[in-house]
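Student: Pasting a structure here, questions to come.
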Amino acid sequence: MAGRIVAGVLAPHPPHLVYAENPPQNEPRAECGWETLRWGYERLRKSLEPRDYDVIVVHSPHWKTVVGHHFLGLPHFASKSVDPIFPNLFRFNYDLNVDVELSQAIADEAKAGGLTTKMMTNPEFRVDYGTIISCHLANPAWDKPIVAISSNRAHYYFSNEVGQTEQLALGQATARAIEKSGKRALLLASNSLSHRHFTEEGELPEDMSNEHIYHHGQYLWDMHALKLMREGRIREFLDEMPDFIEQSVSECKEGSLTWLFGALGIPTYPAEVHAYGTVIGTGNAVVEWDPSRAAVEAK
Ligand SMILES: [Fe+2]
């Protein structure tokens with residue numbers, strides 16, 4: 001049977017969300033915080049429950065690679081991940097399994113499509129916190145293997161338009177490899193939306209009286225982006241994304257969401273927004289695309 005994408009999710013990775021959940025793997029302890037987004041992830045997990053999947057494929061902004069697209073290439077990685085900006089919030093002991101077969105298959109498919117790829121086979125490699133946080137919040141049980149894909153810098157070294165073309169091609173290659181694999185995959189794009197943030201932290205990080213969007217213009221851009229997602233207007237969103245990136249300093253510049261759109265075939269069906277909320281002033285949304293809706297909408 002052909003493999004398929006069971007869902008594609010915009011699954012942002014502020015370390016604050018894991019901190020506030022207090023999982024045993026994370027050393028710092030929190031009282032509460034950022035409930036809107038955490039309950040959004042809870043709704044996502046409930047929504048995914050009836051659809052079983054074999055593997056999580058995640059594209060993360062914080063594994064930054066200059067030459068090509070890199071993939072975890074060993075079956076197991078374990079270490080401690082410390083957020084360089086928020087070591088007070090995120091010191092997470094991870095122990096994860098990789099679906100190397102699918103990882104290699106996506107890399108091969110991307111290479112055949114003209115992209116530069118590389119497998120990461122250094123056993124000492126420290127997996128980035130974006131990968132870990134998105135995977136943890138989507139599946140805290142860690143009972144599925146993952147495929148992790150790096151964020152190539154084409155947006156930075158060339159232009160937003162060139163970066164977008166690369167990421168769409170990488171997404172299409174990902175979809176082709178999944179289809180050939182016969183596996184059911186959950187896809188996670190790990191970036192935030194608007195990304196202008198405060199530069200000073202309050203004494204108590206989870207004091208929600210300090211938490212709000214950085215700037216109204218950022219909020220307007222986020223609401224516009226979410227409207228396009230909810231109305232299935234992704235082609236339009238992609239056309240506007242270079243401006244969105246520049247004007248809202250969006251983390252979409254890291255390519256994760258564009259990769260997801262490529263893998264989903266640029267959806268024309270509505271997405272489900274499970275939550276929108278801010279973290280240190282940045283805009284974050286948990287958004288799900290269910291490809292089975294494409295067939296329903298087409299009728
Ligand atoms: Fe980030």
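So you can find residues: chains in the structure tokens are A, B, ... in the order shown, residues in each start at 1, and ligands are numbered from 1 in order.
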Residues at most 8 Å from region 219-232 of chain A, counting only C-alpha atoms, excluding those fewer than 4 positions away in the same chain, as a list in words?

Tutor: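 With the cut-off at 8 Å, the set is Leu193, Ser194, Ile213, His215, Glu236, Phe237, Phe244, Ser248, Pro267, Thr268, Tyr269, Pro270, Ala271, Glu272, Val273 and Gly283 of chain A.
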
Student: Once you count only C-alpha atoms and all ligand atoms, what closest atom pair and distance in Å to one decimal does each residue of chain A within 12 Å of ligand 1 have, with rows by chain and rising residue number, as JSON lines?

Tutor:
{"residue": "A:Ala11", "atom": "CA", "partner": "ligand 1", "partner_atom_place_in_ligand_line": "1 (Fe)", "distance": 11.1}
{"residue": "A:Pro12", "atom": "CA", "partner": "ligand 1", "partner_atom_place_in_ligand_line": "1 (Fe)", "distance": 7.8}
{"residue": "A:His13", "atom": "CA", "partner": "ligand 1", "partner_atom_place_in_ligand_line": "1 (Fe)", "distance": 6.3}
{"residue": "A:Pro14", "atom": "CA", "partner": "ligand 1", "partner_atom_place_in_ligand_line": "1 (Fe)", "distance": 6.5}
{"residue": "A:Pro15", "atom": "CA", "partner": "ligand 1", "partner_atom_place_in_ligand_line": "1 (Fe)", "distance": 8.7}
{"residue": "A:His16", "atom": "CA", "partner": "ligand 1", "partner_atom_place_in_ligand_line": "1 (Fe)", "distance": 11.3}
{"residue": "A:His59", "atom": "CA", "partner": "ligand 1", "partner_atom_place_in_ligand_line": "1 (Fe)", "distance": 11.8}
{"residue": "A:Ser60", "atom": "CA", "partner": "ligand 1", "partner_atom_place_in_ligand_line": "1 (Fe)", "distance": 8.4}
{"residue": "A:Pro61", "atom": "CA", "partner": "ligand 1", "partner_atom_place_in_ligand_line": "1 (Fe)", "distance": 6.1}
{"residue": "A:His62", "atom": "CA", "partner": "ligand 1", "partner_atom_place_in_ligand_line": "1 (Fe)", "distance": 6.4}
{"residue": "A:Trp63", "atom": "CA", "partner": "ligand 1", "partner_atom_place_in_ligand_line": "1 (Fe)", "distance": 10.1}
{"residue": "A:Lys64", "atom": "CA", "partner": "ligand 1", "partner_atom_place_in_ligand_line": "1 (Fe)", "distance": 11.1}
{"residue": "A:Asp83", "atom": "CA", "partner": "ligand 1", "partner_atom_place_in_ligand_line": "1 (Fe)", "distance": 10.0}
{"residue": "A:Pro84", "atom": "CA", "partner": "ligand 1", "partner_atom_place_in_ligand_line": "1 (Fe)", "distance": 10.9}
{"residue": "A:Ile85", "atom": "CA", "partner": "ligand 1", "partner_atom_place_in_ligand_line": "1 (Fe)", "distance": 10.1}
{"residue": "A:Phe86", "atom": "CA", "partner": "ligand 1", "partner_atom_place_in_ligand_line": "1 (Fe)", "distance": 11.3}
{"residue": "A:Asp128", "atom": "CA", "partner": "ligand 1", "partner_atom_place_in_ligand_line": "1 (Fe)", "distance": 10.2}
{"residue": "A:Tyr129", "atom": "CA", "partner": "ligand 1", "partner_atom_place_in_ligand_line": "1 (Fe)", "distance": 8.6}
{"residue": "A:Gly130", "atom": "CA", "partner": "ligand 1", "partner_atom_place_in_ligand_line": "1 (Fe)", "distance": 6.5}
{"residue": "A:Thr131", "atom": "CA", "partner": "ligand 1", "partner_atom_place_in_ligand_line": "1 (Fe)", "distance": 10.1}
{"residue": "A:Ile132", "atom": "CA", "partner": "ligand 1", "partner_atom_place_in_ligand_line": "1 (Fe)", "distance": 11.7}
{"residue": "A:Ile133", "atom": "CA", "partner": "ligand 1", "partner_atom_place_in_ligand_line": "1 (Fe)", "distance": 10.1}
{"residue": "A:Ser134", "atom": "CA", "partner": "ligand 1", "partner_atom_place_in_ligand_line": "1 (Fe)", "distance": 10.6}
{"residue": "A:Ser151", "atom": "CA", "partner": "ligand 1", "partner_atom_place_in_ligand_line": "1 (Fe)", "distance": 11.3}
{"residue": "A:Ala189", "atom": "CA", "partner": "ligand 1", "partner_atom_place_in_ligand_line": "1 (Fe)", "distance": 11.4}
{"residue": "A:Ser190", "atom": "CA", "partner": "ligand 1", "partner_atom_place_in_ligand_line": "1 (Fe)", "distance": 8.0}
{"residue": "A:Asn191", "atom": "CA", "partner": "ligand 1", "partner_atom_place_in_ligand_line": "1 (Fe)", "distance": 6.3}
{"residue": "A:Ser192", "atom": "CA", "partner": "ligand 1", "partner_atom_place_in_ligand_line": "1 (Fe)", "distance": 6.8}
{"residue": "A:Leu193", "atom": "CA", "partner": "ligand 1", "partner_atom_place_in_ligand_line": "1 (Fe)", "distance": 10.0}
{"residue": "A:Ser194", "atom": "CA", "partner": "ligand 1", "partner_atom_place_in_ligand_line": "1 (Fe)", "distance": 10.9}
{"residue": "A:His195", "atom": "CA", "partner": "ligand 1", "partner_atom_place_in_ligand_line": "1 (Fe)", "distance": 8.5}
{"residue": "A:Arg196", "atom": "CA", "partner": "ligand 1", "partner_atom_place_in_ligand_line": "1 (Fe)", "distance": 11.3}
{"residue": "A:His197", "atom": "CA", "partner": "ligand 1", "partner_atom_place_in_ligand_line": "1 (Fe)", "distance": 11.1}
{"residue": "A:Val249", "atom": "CA", "partner": "ligand 1", "partner_atom_place_in_ligand_line": "1 (Fe)", "distance": 11.7}
{"residue": "A:Ser250", "atom": "CA", "partner": "ligand 1", "partner_atom_place_in_ligand_line": "1 (Fe)", "distance": 10.0}
{"residue": "A:Glu251", "atom": "CA", "partner": "ligand 1", "partner_atom_place_in_ligand_line": "1 (Fe)", "distance": 6.9}
{"residue": "A:Cys252", "atom": "CA", "partner": "ligand 1", "partner_atom_place_in_ligand_line": "1 (Fe)", "distance": 9.9}
{"residue": "A:Lys253", "atom": "CA", "partner": "ligand 1", "partner_atom_place_in_ligand_line": "1 (Fe)", "distance": 10.7}
{"residue": "A:Glu254", "atom": "CA", "partner": "ligand 1", "partner_atom_place_in_ligand_line": "1 (Fe)", "distance": 9.0}
{"residue": "A:Gly255", "atom": "CA", "partner": "ligand 1", "partner_atom_place_in_ligand_line": "1 (Fe)", "distance": 11.8}
{"residue": "A:Ser256", "atom": "CA", "partner": "ligand 1", "partner_atom_place_in_ligand_line": "1 (Fe)", "distance": 10.9}
{"residue": "A:Val279", "atom": "CA", "partner": "ligand 1", "partner_atom_place_in_ligand_line": "1 (Fe)", "distance": 10.8}
{"residue": "A:Ile280", "atom": "CA", "partner": "ligand 1", "partner_atom_place_in_ligand_line": "1 (Fe)", "distance": 11.7}
{"residue": "A:Thr282", "atom": "CA", "partner": "ligand 1", "partner_atom_place_in_ligand_line": "1 (Fe)", "distance": 9.9}
{"residue": "A:Gly283", "atom": "CA", "partner": "ligand 1", "partner_atom_place_in_ligand_line": "1 (Fe)", "distance": 11.3}
{"residue": "A:Asn284", "atom": "CA", "partner": "ligand 1", "partner_atom_place_in_ligand_line": "1 (Fe)", "distance": 10.4}

Student: Quick one: of A:Arg184, A:Gly265, A:Gly281, A:Val67, who's nearest to Tyr214 (chain A), counting only C-alpha atoms?

Tutor: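 Once distances to Tyr214 (chain A) are computed over only C-alpha atoms, the minimum belongs to A:Gly281.
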
Student: What is the CA of Ser81 (chain A)-CA of Pro123 (chain A) distance in Å, reported with one decimal?

Tutor: 14.7 Å

Student: Running DSSP on the backbone, which parts of region 87-242 of chain A land in strand (DSSP E or B), as a ChimeraX atom specification?

Tutor: /A:91-98,117-120,146-152,184-189

Student: What lies within 8 Å of Gln25 (chain A) using only C-alpha atoms, ignoring chain neighbours under 2 positions off, as number ranges by chain?

Tutor: A: 23, 27, 92-94

Student: If you keep N, CA and C atoms, can you produce a file of those selected residues as a PDB file, in the first residue's frame?

Tutor:
ATOM      1  N   PRO A  23       7.624  18.229  31.981  1.00  0.00           N
ATOM      2  CA  PRO A  23       7.866  16.795  31.751  1.00  0.00           C
ATOM      3  C   PRO A  23       9.100  16.341  32.523  1.00  0.00           C
ATOM      4  N   GLU A  27      14.779  19.743  33.235  1.00  0.00           N
ATOM      5  CA  GLU A  27      15.229  20.004  34.614  1.00  0.00           C
ATOM      6  C   GLU A  27      14.488  21.151  35.306  1.00  0.00           C
ATOM      7  N   PHE A  92      16.936  19.701  28.606  1.00  0.00           N
ATOM      8  CA  PHE A  92      16.067  18.555  28.344  1.00  0.00           C
ATOM      9  C   PHE A  92      16.903  17.323  27.998  1.00  0.00           C
ATOM     10  N   ASN A  93      16.693  16.259  28.739  1.00  0.00           N
ATOM     11  CA  ASN A  93      17.395  14.997  28.462  1.00  0.00           C
ATOM     12  C   ASN A  93      16.602  14.199  27.430  1.00  0.00           C
ATOM     13  N   TYR A  94      17.150  14.149  26.225  1.00  0.00           N
ATOM     14  CA  TYR A  94      16.396  13.463  25.168  1.00  0.00           C
ATOM     15  C   TYR A  94      17.028  12.116  24.832  1.00  0.00           C
TER      16      TYR A  94
END

Student: From the DSSP assignment of the backbone, select every residue of region 170-238 of chain A that is helix (DSSP H, G or I), and format the answer as JSON, numbers by chain.

Tutor: {"A": [170, 171, 172, 173, 174, 175, 176, 177, 178, 179, 180, 181, 208, 209, 210, 216, 217, 218, 219, 220, 221, 222, 223, 224, 225, 226, 227, 228, 229, 230, 234, 235, 236, 237, 238]}

Student: Could those residues be written to a file, using C-alpha atoms, as a PDB file, in the first residue's frame?

Tutor:
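Result went into part35.pdb, see below:
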ATOM      1  CA  LEU A 170      12.277  19.534  -0.607  1.00  0.00           C
ATOM      2  CA  GLY A 171       8.657  19.162   0.524  1.00  0.00           C
ATOM      3  CA  GLN A 172       7.657  17.555  -2.767  1.00  0.00           C
ATOM      4  CA  ALA A 173      10.581  15.123  -2.478  1.00  0.00           C
ATOM      5  CA  THR A 174       9.498  14.323   1.092  1.00  0.00           C
ATOM      6  CA  ALA A 175       5.968  13.485  -0.098  1.00  0.00           C
ATOM      7  CA  ARG A 176       7.267  11.271  -2.925  1.00  0.00           C
ATOM      8  CA  ALA A 177       9.538   9.337  -0.552  1.00  0.00           C
ATOM      9  CA  ILE A 178       6.725   8.831   1.984  1.00  0.00           C
ATOM     10  CA  GLU A 179       4.400   7.555  -0.732  1.00  0.00           C
ATOM     11  CA  LYS A 180       6.995   5.028  -1.940  1.00  0.00           C
ATOM     12  CA  SER A 181       7.825   3.941   1.639  1.00  0.00           C
ATOM     13  CA  MET A 208       1.570  36.016  32.150  1.00  0.00           C
ATOM     14  CA  SER A 209       0.960  39.672  32.961  1.00  0.00           C
ATOM     15  CA  ASN A 210       4.120  40.287  30.878  1.00  0.00           C
ATOM     16  CA  HIS A 216       0.010  45.462  16.566  1.00  0.00           C
ATOM     17  CA  GLY A 217       1.464  45.289  13.036  1.00  0.00           C
ATOM     18  CA  GLN A 218       2.845  41.837  13.876  1.00  0.00           C
ATOM     19  CA  TYR A 219      -0.591  40.770  15.088  1.00  0.00           C
ATOM     20  CA  LEU A 220      -2.259  41.993  11.892  1.00  0.00           C
ATOM     21  CA  TRP A 221       0.207  39.958   9.797  1.00  0.00           C
ATOM     22  CA  ASP A 222      -0.366  36.847  11.925  1.00  0.00           C
ATOM     23  CA  MET A 223      -4.143  37.182  11.650  1.00  0.00           C
ATOM     24  CA  HIS A 224      -3.859  37.636   7.887  1.00  0.00           C
ATOM     25  CA  ALA A 225      -1.656  34.530   7.582  1.00  0.00           C
ATOM     26  CA  LEU A 226      -4.088  32.483   9.697  1.00  0.00           C
ATOM     27  CA  LYS A 227      -7.064  33.706   7.655  1.00  0.00           C
ATOM     28  CA  LEU A 228      -5.379  32.465   4.466  1.00  0.00           C
ATOM     29  CA  MET A 229      -4.635  29.096   6.127  1.00  0.00           C
ATOM     30  CA  ARG A 230      -8.212  28.729   7.418  1.00  0.00           C
ATOM     31  CA  ILE A 234      -1.969  28.720   0.546  1.00  0.00           C
ATOM     32  CA  ARG A 235      -0.867  29.653  -2.985  1.00  0.00           C
ATOM     33  CA  GLU A 236      -1.747  33.249  -2.095  1.00  0.00           C
ATOM     34  CA  PHE A 237       0.053  32.929   1.242  1.00  0.00           C
ATOM     35  CA  LEU A 238       3.186  31.681  -0.520  1.00  0.00           C
TER      36      LEU A 238
END

Student: Between A:Ala154, A:Ala285, A:Ala7, A:Leu137, single out the one closest to Asn22 (chain A), counting only C-alpha atoms.

Tutor: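 That would be A:Leu137, the residue with the smallest distance to Asn22 (chain A).
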
Student: Expressed in Å to a single decimal, how great is the separation between CA of Lys80 (chain A) and CA of Asn26 (chain A)?

Tutor: 9.3 Å

Student: To one decimal in Å, tell me the separation between CA of Gly73 (chain A) and CA of Val100 (chain A).

Tutor: 5.6 Å

Student: Please determine, counting only C-alpha atoms, which residue among A:Val287, A:Leu257, A:Leu186, A:Ala141 has the shortest atom-to-atom distance to Arg4 (chain A).

Tutor: A:Leu186

Student: Go through A:Thr278, A:Phe158, A:Leu44, A:Arg233 one by one, measure the shortest atom-to-atom distance of each to Val9 (chain A) using only C-alpha atoms, and give the residue with the smallest value.

Tutor: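 Looking at the shortest contact to Val9 (chain A), the residue is A:Leu44.
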
Student: Which residues are close to His70 (chain A), i.e. within 7 Å by only C-alpha atoms, leaving aside same-chain residues fewer than 6 positions away? Reply as a list in words.

Tutor: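 Listing them by chain and then by number gives Thr117, Lys118, Met119, Met120, Ile149 and Ser150 of chain A.
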
Student: Out of A:Gln247, A:Gln167, A:Asn139, A:Gln104, which residue has the shortest atom-to-atom distance to Glu42 (chain A) when counting only C-alpha atoms?

Tutor: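 Among A:Gln247, A:Gln167, A:Asn139, A:Gln104, it is A:Asn139 that comes nearest to Glu42 (chain A).
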
Student: Which is closer to Met1 (chain A) than all the others in A:Asp239, A:Ser292, A:Lys183, A:His136, using only C-alpha atoms?

Tutor: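 Looking only at the distances to Met1 (chain A), the closest residue turns out to be A:Lys183.
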